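File shown: coords_16.cif (mmCIF, C-alpha atoms).
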data_structure
#
loop_
_atom_site.group_PDB
_atom_site.id
_atom_site.type_symbol
_atom_site.label_atom_id
_atom_site.label_comp_id
_atom_site.auth_asym_id
_atom_site.auth_seq_id
_atom_site.Cartn_x
_atom_site.Cartn_y
_atom_site.Cartn_z
ATOM 1 C CA MET A 1041 -2.708 -9.579 -25.157
ATOM 2 C CA SER A 1042 -4.791 -8.437 -22.221
ATOM 3 C CA LEU A 1043 -4.224 -9.172 -18.568
ATOM 4 C CA VAL A 1044 -6.910 -10.691 -16.420
ATOM 5 C CA ALA A 1045 -7.469 -8.188 -13.650
ATOM 6 C CA PRO A 1046 -8.572 -8.946 -10.120
ATOM 7 C CA ALA A 1047 -12.122 -7.966 -9.181
ATOM 8 C CA SER A 1048 -12.524 -4.256 -8.650
ATOM 9 C CA THR A 1049 -13.174 -4.653 -4.949
ATOM 10 C CA GLU A 1050 -10.010 -6.641 -4.242
ATOM 11 C CA ARG A 1051 -7.652 -5.009 -1.804
ATOM 12 C CA ALA A 1052 -4.136 -6.000 -0.801
ATOM 13 C CA TYR A 1053 -3.348 -6.621 2.852
ATOM 14 C CA SER A 1054 -0.225 -7.166 4.884
ATOM 15 C CA THR A 1055 0.194 -8.353 8.433
ATOM 16 C CA VAL A 1056 1.311 -5.682 10.890
ATOM 17 C CA TYR A 1057 2.394 -6.265 14.448
ATOM 18 C CA SER A 1058 1.460 -3.779 17.146
ATOM 19 C CA ALA A 1059 2.852 -3.112 20.578
ATOM 20 C CA ILE A 1060 1.312 -0.972 23.286
ATOM 21 C CA VAL A 1061 3.630 -0.405 26.221
ATOM 22 C CA VAL A 1062 2.226 0.967 29.469
ATOM 23 C CA ASP A 1063 4.782 2.228 31.952
ATOM 24 C CA ASP A 1064 3.359 3.114 35.363
ATOM 25 C CA THR A 1065 -0.138 3.775 33.898
ATOM 26 C CA VAL A 1066 1.215 5.919 31.025
ATOM 27 C CA VAL A 1067 1.194 4.678 27.436
ATOM 28 C CA VAL A 1068 4.782 5.193 26.281
ATOM 29 C CA MET A 1069 4.522 3.268 23.002
ATOM 30 C CA ASP A 1070 1.687 2.507 20.611
ATOM 31 C CA GLU A 1071 3.241 1.521 17.297
ATOM 32 C CA LEU A 1072 2.996 -0.836 14.339
ATOM 33 C CA PHE A 1073 5.886 -2.972 13.127
ATOM 34 C CA PRO A 1074 6.476 -4.986 9.957
ATOM 35 C CA ASN A 1075 7.438 -8.149 11.844
ATOM 36 C CA PRO A 1076 7.673 -9.583 15.374
ATOM 37 C CA SER A 1077 11.466 -9.172 15.503
ATOM 38 C CA ALA A 1078 11.277 -5.440 14.839
ATOM 39 C CA ARG A 1079 8.595 -5.157 17.512
ATOM 40 C CA ARG A 1080 10.714 -7.111 20.030
ATOM 41 C CA ASP A 1081 13.765 -4.939 19.334
ATOM 42 C CA ALA A 1082 11.802 -1.688 19.733
ATOM 43 C CA VAL A 1083 10.096 -2.732 22.980
ATOM 44 C CA VAL A 1084 13.282 -4.123 24.531
ATOM 45 C CA GLY A 1085 15.093 -0.925 23.502
ATOM 46 C CA LEU A 1086 12.387 1.176 25.129
ATOM 47 C CA LEU A 1087 12.469 -0.881 28.329
ATOM 48 C CA THR A 1088 16.247 -0.685 28.626
ATOM 49 C CA SER A 1089 16.309 3.056 27.960
ATOM 50 C CA ASN A 1090 13.651 3.781 30.611
ATOM 51 C CA HIS A 1091 14.556 1.204 33.259
ATOM 52 C CA ASP A 1092 17.653 -0.143 34.942
ATOM 53 C CA GLU A 1093 16.039 -2.921 36.959
ATOM 54 C CA VAL A 1094 17.388 -5.538 34.534
ATOM 55 C CA THR A 1095 20.937 -5.348 33.177
ATOM 56 C CA THR A 1096 21.915 -5.612 29.530
ATOM 57 C CA GLU A 1097 23.710 -8.860 30.319
ATOM 58 C CA GLU A 1098 20.552 -10.339 31.862
ATOM 59 C CA ILE A 1099 18.517 -9.329 28.793
ATOM 60 C CA GLU A 1100 21.118 -10.847 26.461
ATOM 61 C CA SER A 1101 21.036 -14.101 28.422
ATOM 62 C CA ILE A 1102 17.234 -14.212 28.048
ATOM 63 C CA LEU A 1103 17.370 -13.506 24.305
ATOM 64 C CA ALA A 1104 20.403 -15.657 23.421
ATOM 65 C CA PRO A 1105 18.689 -19.077 23.453
ATOM 66 C CA PHE A 1106 16.161 -17.840 20.872
ATOM 67 C CA GLY A 1107 18.782 -16.721 18.358
ATOM 68 C CA GLY A 1108 16.301 -14.308 16.799
ATOM 69 C CA ALA A 1109 13.476 -16.853 16.552
ATOM 70 C CA ASN A 1110 10.244 -16.740 18.554
ATOM 71 C CA ALA A 1111 10.466 -12.981 19.000
ATOM 72 C CA ASP A 1112 7.201 -12.728 20.937
ATOM 73 C CA VAL A 1113 8.136 -15.423 23.445
ATOM 74 C CA ALA A 1114 11.534 -13.797 23.958
ATOM 75 C CA LEU A 1115 9.929 -10.369 24.438
ATOM 76 C CA LEU A 1116 7.463 -11.691 27.000
ATOM 77 C CA LEU A 1117 10.322 -13.287 28.955
ATOM 78 C CA VAL A 1118 12.215 -9.966 28.982
ATOM 79 C CA LEU A 1119 9.034 -8.196 30.112
ATOM 80 C CA ALA A 1120 8.574 -10.772 32.902
ATOM 81 C CA ALA A 1121 12.141 -10.128 34.063
ATOM 82 C CA PHE A 1122 11.433 -6.386 34.317
ATOM 83 C CA GLN A 1123 8.172 -7.016 36.165
ATOM 84 C CA GLN A 1124 9.829 -9.437 38.604
ATOM 85 C CA ALA A 1125 12.521 -6.828 39.237
ATOM 86 C CA GLY A 1126 9.819 -4.322 40.247
ATOM 87 C CA ALA A 1127 9.229 -2.316 37.063
ATOM 88 C CA SER A 1128 5.586 -1.352 36.627
ATOM 89 C CA VAL A 1129 5.398 -2.052 32.882
ATOM 90 C CA ASP A 1130 3.006 -4.014 30.741
ATOM 91 C CA VAL A 1131 2.919 -4.798 27.037
ATOM 92 C CA ALA A 1132 -0.028 -5.655 24.801
ATOM 93 C CA LEU A 1133 0.927 -7.425 21.570
ATOM 94 C CA ASN A 1134 -1.375 -7.848 18.626
ATOM 95 C CA GLU A 1135 -1.260 -8.611 14.942
ATOM 96 C CA ARG A 1136 -3.766 -7.736 12.271
ATOM 97 C CA GLN A 1137 -4.241 -7.347 8.564
ATOM 98 C CA GLN A 1138 -3.730 -3.809 7.314
ATOM 99 C CA ASP A 1139 -5.142 -2.569 4.034
ATOM 100 C CA VAL A 1140 -2.197 -1.442 1.907
ATOM 101 C CA GLY A 1141 -4.111 -0.453 -1.181
ATOM 102 C CA PRO A 1142 -5.804 -1.895 -4.222
ATOM 103 C CA ALA A 1143 -4.654 -5.276 -5.525
ATOM 104 C CA ALA A 1144 -4.341 -3.626 -8.935
ATOM 105 C CA LEU A 1145 -3.950 -0.119 -10.305
ATOM 106 C CA PHE A 1146 -5.426 0.875 -13.630
ATOM 107 C CA THR A 1147 -3.634 3.911 -14.993
ATOM 108 C CA THR A 1148 -4.276 6.448 -17.712
ATOM 109 C CA PHE A 1149 -1.150 8.332 -18.740
ATOM 110 C CA THR A 1150 -1.818 11.340 -20.952
ATOM 111 C CA ASP A 1151 1.097 13.052 -22.685
ATOM 112 C CA TYR A 1152 -0.224 16.282 -24.151
ATOM 113 C CA GLY A 1153 2.847 16.640 -26.370
ATOM 114 C CA ASP A 1154 3.833 20.017 -24.947
ATOM 115 C CA GLY A 1155 5.714 18.746 -21.902
ATOM 116 C CA THR A 1156 2.532 18.370 -19.862
ATOM 117 C CA TYR A 1157 1.694 14.939 -18.453
ATOM 118 C CA VAL A 1158 -1.267 13.768 -16.420
ATOM 119 C CA VAL A 1159 -1.244 10.387 -14.674
ATOM 120 C CA GLU A 1160 -4.462 9.051 -13.167
ATOM 121 C CA HIS A 1161 -4.647 5.843 -11.114
ATOM 122 C CA TYR A 1162 -7.873 3.954 -10.506
ATOM 123 C CA GLY A 1163 -8.690 0.986 -8.281
ATOM 124 C CA SER A 1164 -10.662 -0.842 -10.975
ATOM 125 C CA ARG A 1165 -10.807 -1.122 -14.727
ATOM 126 C CA GLN A 1166 -14.492 -0.080 -14.640
ATOM 127 C CA ILE A 1167 -13.757 3.169 -12.825
ATOM 128 C CA ARG A 1168 -11.024 3.956 -15.371
ATOM 129 C CA LEU A 1169 -13.436 3.189 -18.209
ATOM 130 C CA ASP A 1170 -16.091 5.458 -16.680
ATOM 131 C CA GLN A 1171 -13.574 8.303 -16.484
ATOM 132 C CA LEU A 1172 -12.355 7.684 -20.040
ATOM 133 C CA ARG A 1173 -15.964 7.879 -21.257
ATOM 134 C CA ILE A 1174 -16.494 11.199 -19.474
ATOM 135 C CA ARG A 1175 -13.254 12.641 -20.871
ATOM 136 C CA ALA A 1176 -13.945 11.381 -24.399
ATOM 137 C CA GLU A 1177 -17.482 12.795 -24.344
ATOM 138 C CA ALA A 1178 -16.119 16.171 -23.201
ATOM 139 C CA VAL A 1179 -13.331 16.554 -25.776
ATOM 140 C CA ALA A 1180 -14.424 14.529 -28.811
ATOM 141 C CA THR A 1181 -16.998 17.000 -30.104
ATOM 142 C CA ASP A 1182 -17.247 15.376 -33.579
ATOM 143 C CA TYR A 1183 -19.361 12.546 -32.148
ATOM 144 C CA PRO A 1184 -23.102 12.632 -31.367
ATOM 145 C CA ASP A 1185 -24.210 13.003 -27.742
ATOM 146 C CA GLY A 1186 -24.125 9.697 -25.885
ATOM 147 C CA HIS A 1187 -21.716 8.105 -28.383
ATOM 148 C CA PHE A 1188 -19.295 7.126 -25.609
ATOM 149 C CA ASP A 1189 -21.937 5.893 -23.150
ATOM 150 C CA ASP A 1190 -21.219 2.265 -24.063
ATOM 151 C CA ALA A 1191 -17.761 2.688 -25.598
ATOM 152 C CA ASP A 1192 -14.882 0.406 -24.652
ATOM 153 C CA GLU A 1193 -11.524 1.589 -23.302
ATOM 154 C CA GLU A 1194 -9.745 1.438 -26.636
ATOM 155 C CA SER A 1195 -12.393 3.529 -28.413
ATOM 156 C CA CYS A 1196 -12.215 6.169 -25.685
ATOM 157 C CA ARG A 1197 -8.416 6.099 -25.676
ATOM 158 C CA LYS A 1198 -8.292 6.588 -29.455
ATOM 159 C CA ALA A 1199 -10.748 9.495 -29.315
ATOM 160 C CA LEU A 1200 -8.690 11.158 -26.576
ATOM 161 C CA GLU A 1201 -5.404 10.488 -28.344
ATOM 162 C CA TYR A 1202 -6.775 12.001 -31.547
ATOM 163 C CA GLN A 1203 -7.279 15.251 -29.628
ATOM 164 C CA VAL A 1204 -3.717 15.361 -28.229
ATOM 165 C CA ALA A 1205 -2.022 13.985 -31.383
ATOM 166 C CA ARG A 1206 -1.931 17.477 -32.900
ATOM 167 C CA ASN A 1207 0.895 18.250 -30.485
ATOM 168 C CA SER A 1208 2.461 14.755 -30.856
ATOM 169 C CA GLY A 1209 0.705 13.677 -27.668
ATOM 170 C CA HIS A 1210 -0.355 10.182 -26.668
ATOM 171 C CA VAL A 1211 -2.751 8.441 -24.272
ATOM 172 C CA TYR A 1212 -1.544 5.216 -22.661
ATOM 173 C CA LEU A 1213 -3.479 2.703 -20.587
ATOM 174 C CA MET A 1214 -1.464 0.646 -18.104
ATOM 175 C CA ASP A 1215 -2.350 -2.037 -15.582
ATOM 176 C CA ALA A 1216 -0.214 -2.862 -12.551
ATOM 177 C CA PHE A 1217 -0.746 -5.635 -10.032
ATOM 178 C CA ARG A 1218 0.528 -5.597 -6.461
ATOM 179 C CA HIS A 1219 3.159 -8.130 -5.461
ATOM 180 C CA ALA A 1220 3.105 -8.431 -1.696
ATOM 181 C CA ALA A 1221 6.551 -10.000 -1.401
ATOM 182 C CA ALA A 1222 8.235 -6.948 -2.912
ATOM 183 C CA ASP A 1223 5.568 -4.445 -1.794
ATOM 184 C CA VAL A 1224 5.454 -3.008 -5.324
ATOM 185 C CA TYR A 1225 3.136 -2.851 -8.311
ATOM 186 C CA THR A 1226 4.302 -4.374 -11.597
ATOM 187 C CA GLY A 1227 2.471 -4.789 -14.821
ATOM 188 C CA ARG A 1228 2.105 -4.110 -18.475
ATOM 189 C CA GLY A 1229 1.837 -0.924 -20.387
ATOM 190 C CA PRO A 1230 1.635 1.267 -22.188
ATOM 191 C CA GLU A 1231 -0.605 -0.535 -24.620
#
Encoding of this model in structure tokens:
Amino acid sequence: MSLVAPASTERAYSTVYSAIVVDDTVVVMDELFPNPSARRDAVVGLLTSNHDEVTTEEIESILAPFGGANADVALLLVLAAFQQAGASVDVALNERQQDVGPAALFTTFTDYGDGTYVVEHYGSRQIRLDQLRIRAEAVATDYPDGHFDDADEESCRKALEYQVARNSGHVYLMDAFRHAAADVYTGRGPE
């Protein structure tokens, strides 16, 4: 059974939330956060550690009605309170998609049988196949030149495994697909 892989150019993205805090013309924070709540907490923490124009009780009374929801609105209200109290601070909020890697990883795991392992990850099945062809051509000397130019993955894998089998070695091909919810790759293999 083979898995249907995403196109080789597919990338995985996640939304990141940025905050740039300027305090009296000096950038004191320029960071990315995984969600608006984490951003709100970091900026409010920074403001309260650097300024005493607004009390903790006043900040809590601003945040309380939101109960953790609408983090950006709550943050902007806290910022407005600091500005109205005379603090020279400003905050720029943004969100964007950040590339977190390939949507799939295509792996070659080579066990040389002597305790040596080599793991190679590729962003597409075609790139892995190209590398398998190069490796097979280099080590499988019993074949005529160009034999692996059009070979499939399994033919290349078998030729490579034949070379490492003398030491009880193996060559495995594995595919893993990114699951954004868990921020992990899962998949099948070895085949």
Exercise for review: Write out as a ChimeraX atom specification which residues come within 12 Å of Ala1120 in chain A when counting all atoms listed in the file, dropping same-chain ones fewer than 5 positions away.
Suggested key: /A:1084,1087,1093-1094,1099,1102,1113-1115,1125-1131
**Study point:** Length of the CA of Tyr1152 in chain A to CA of Phe1217 in chain A vector [Å]
**Key:** 26.1 Å
Please tell me which residues are no farther than 10 Å from (4.2, 3.8, 26.2) in the file, counting only C-alpha atoms, and write them as a short mmCIF file (atom, residue, chain, number, x, y, z; two decimals) with C-alpha atoms, in the coordinates of the input.
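Final file, part.cif:
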data_model
loop_
_atom_site.label_atom_id
_atom_site.label_comp_id
_atom_site.auth_asym_id
_atom_site.auth_seq_id
_atom_site.Cartn_x
_atom_site.Cartn_y
_atom_site.Cartn_z
CA ALA A 1059 2.85 -3.11 20.58
CA ILE A 1060 1.31 -0.97 23.29
CA VAL A 1061 3.63 -0.40 26.22
CA VAL A 1062 2.23 0.97 29.47
CA ASP A 1063 4.78 2.23 31.95
CA ASP A 1064 3.36 3.11 35.36
CA THR A 1065 -0.14 3.78 33.90
CA VAL A 1066 1.22 5.92 31.02
CA VAL A 1067 1.19 4.68 27.44
CA VAL A 1068 4.78 5.19 26.28
CA MET A 1069 4.52 3.27 23.00
CA ASP A 1070 1.69 2.51 20.61
CA GLU A 1071 3.24 1.52 17.30
CA VAL A 1083 10.10 -2.73 22.98
CA LEU A 1086 12.39 1.18 25.13
CA LEU A 1087 12.47 -0.88 28.33
CA VAL A 1129 5.40 -2.05 32.88
CA ASP A 1130 3.01 -4.01 30.74
CA VAL A 1131 2.92 -4.80 27.04
#
Practice item. Within 12 Å of range 1195-1209 of chain A, counting all atoms listed in the file, which residues show up once you throw out same-chain ones fewer than 3 positions away? Write them as a PyMOL selection string, please. Key: chain A and resi 1147-1158+1168-1183+1187-1192+1212-1214+1230-1231
Practice item. Step by step, work through what the PyMOL selection byres ((chain A and resi 1075) around 10) selects in the shown file, and finish by giving those residues as a VMD selection string. Key: chain A and resid 1055 to 1058 1072 to 1074 1076 to 1080 1111 1135
For the selection you just gave me, I'd like the residues written to a file as a compact mmCIF listing (two decimals), in the frame of the given file, keeping C-alpha atoms.
# COMPACT_ATOMS: atom_id res chain seq x y z
CA THR A 1055 0.19 -8.35 8.43
CA VAL A 1056 1.31 -5.68 10.89
CA TYR A 1057 2.39 -6.26 14.45
CA SER A 1058 1.46 -3.78 17.15
CA LEU A 1072 3.00 -0.84 14.34
CA PHE A 1073 5.89 -2.97 13.13
CA PRO A 1074 6.48 -4.99 9.96
CA PRO A 1076 7.67 -9.58 15.37
CA SER A 1077 11.47 -9.17 15.50
CA ALA A 1078 11.28 -5.44 14.84
CA ARG A 1079 8.60 -5.16 17.51
CA ARG A 1080 10.71 -7.11 20.03
CA ALA A 1111 10.47 -12.98 19.00
CA GLU A 1135 -1.26 -8.61 14.94
Point to revise | Point-to-point distance in Å for CA of Ala1143 in chain A and CA of Asp1215 in chain A | key: 10.8 Å
Point to revise | Proximity to Ala1052 in chain A - best of A:Ile1167, A:Leu1145, A:Ala1121, A:Ala1082, all atoms listed in the file | key: A:Leu1145
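Atom pair CA of His1219 in chain A / CA of Arg1136 in chain A: separated by 19.0 Å.
Matched in the shown structure by the PyMOL selection byres ((chain A and resi 1139) around 7): Arg1051, Ala1052, Tyr1053, Ser1054, Gln1137, Gln1138, Val1140 and Gly1141 of chain A.
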Study note, to complete from the structure: Among A:Ala1216, A:Ala1144, A:Leu1103, A:Leu1116, Ser1164 in chain A is approached most closely, using all atoms listed in the file, by A:Ala1144
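With all atoms listed in the file as the basis for measurement, A:Asp1081 is the residue among A:Thr1096, A:His1091, A:Glu1160, A:Asp1081 that approaches Gly1108 in chain A most closely.
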Report as AutoDock Vina command-line options the centre and the edge lengths, in Å to one decimal, of the axis-aligned box holding every listed atom of range 1181-1200 of chain A, padded by 5 Å on each side.
--center_x -16.3 --center_y 8.7 --center_z -28.4 --size_x 25.9 --size_y 26.6 --size_z 20.4
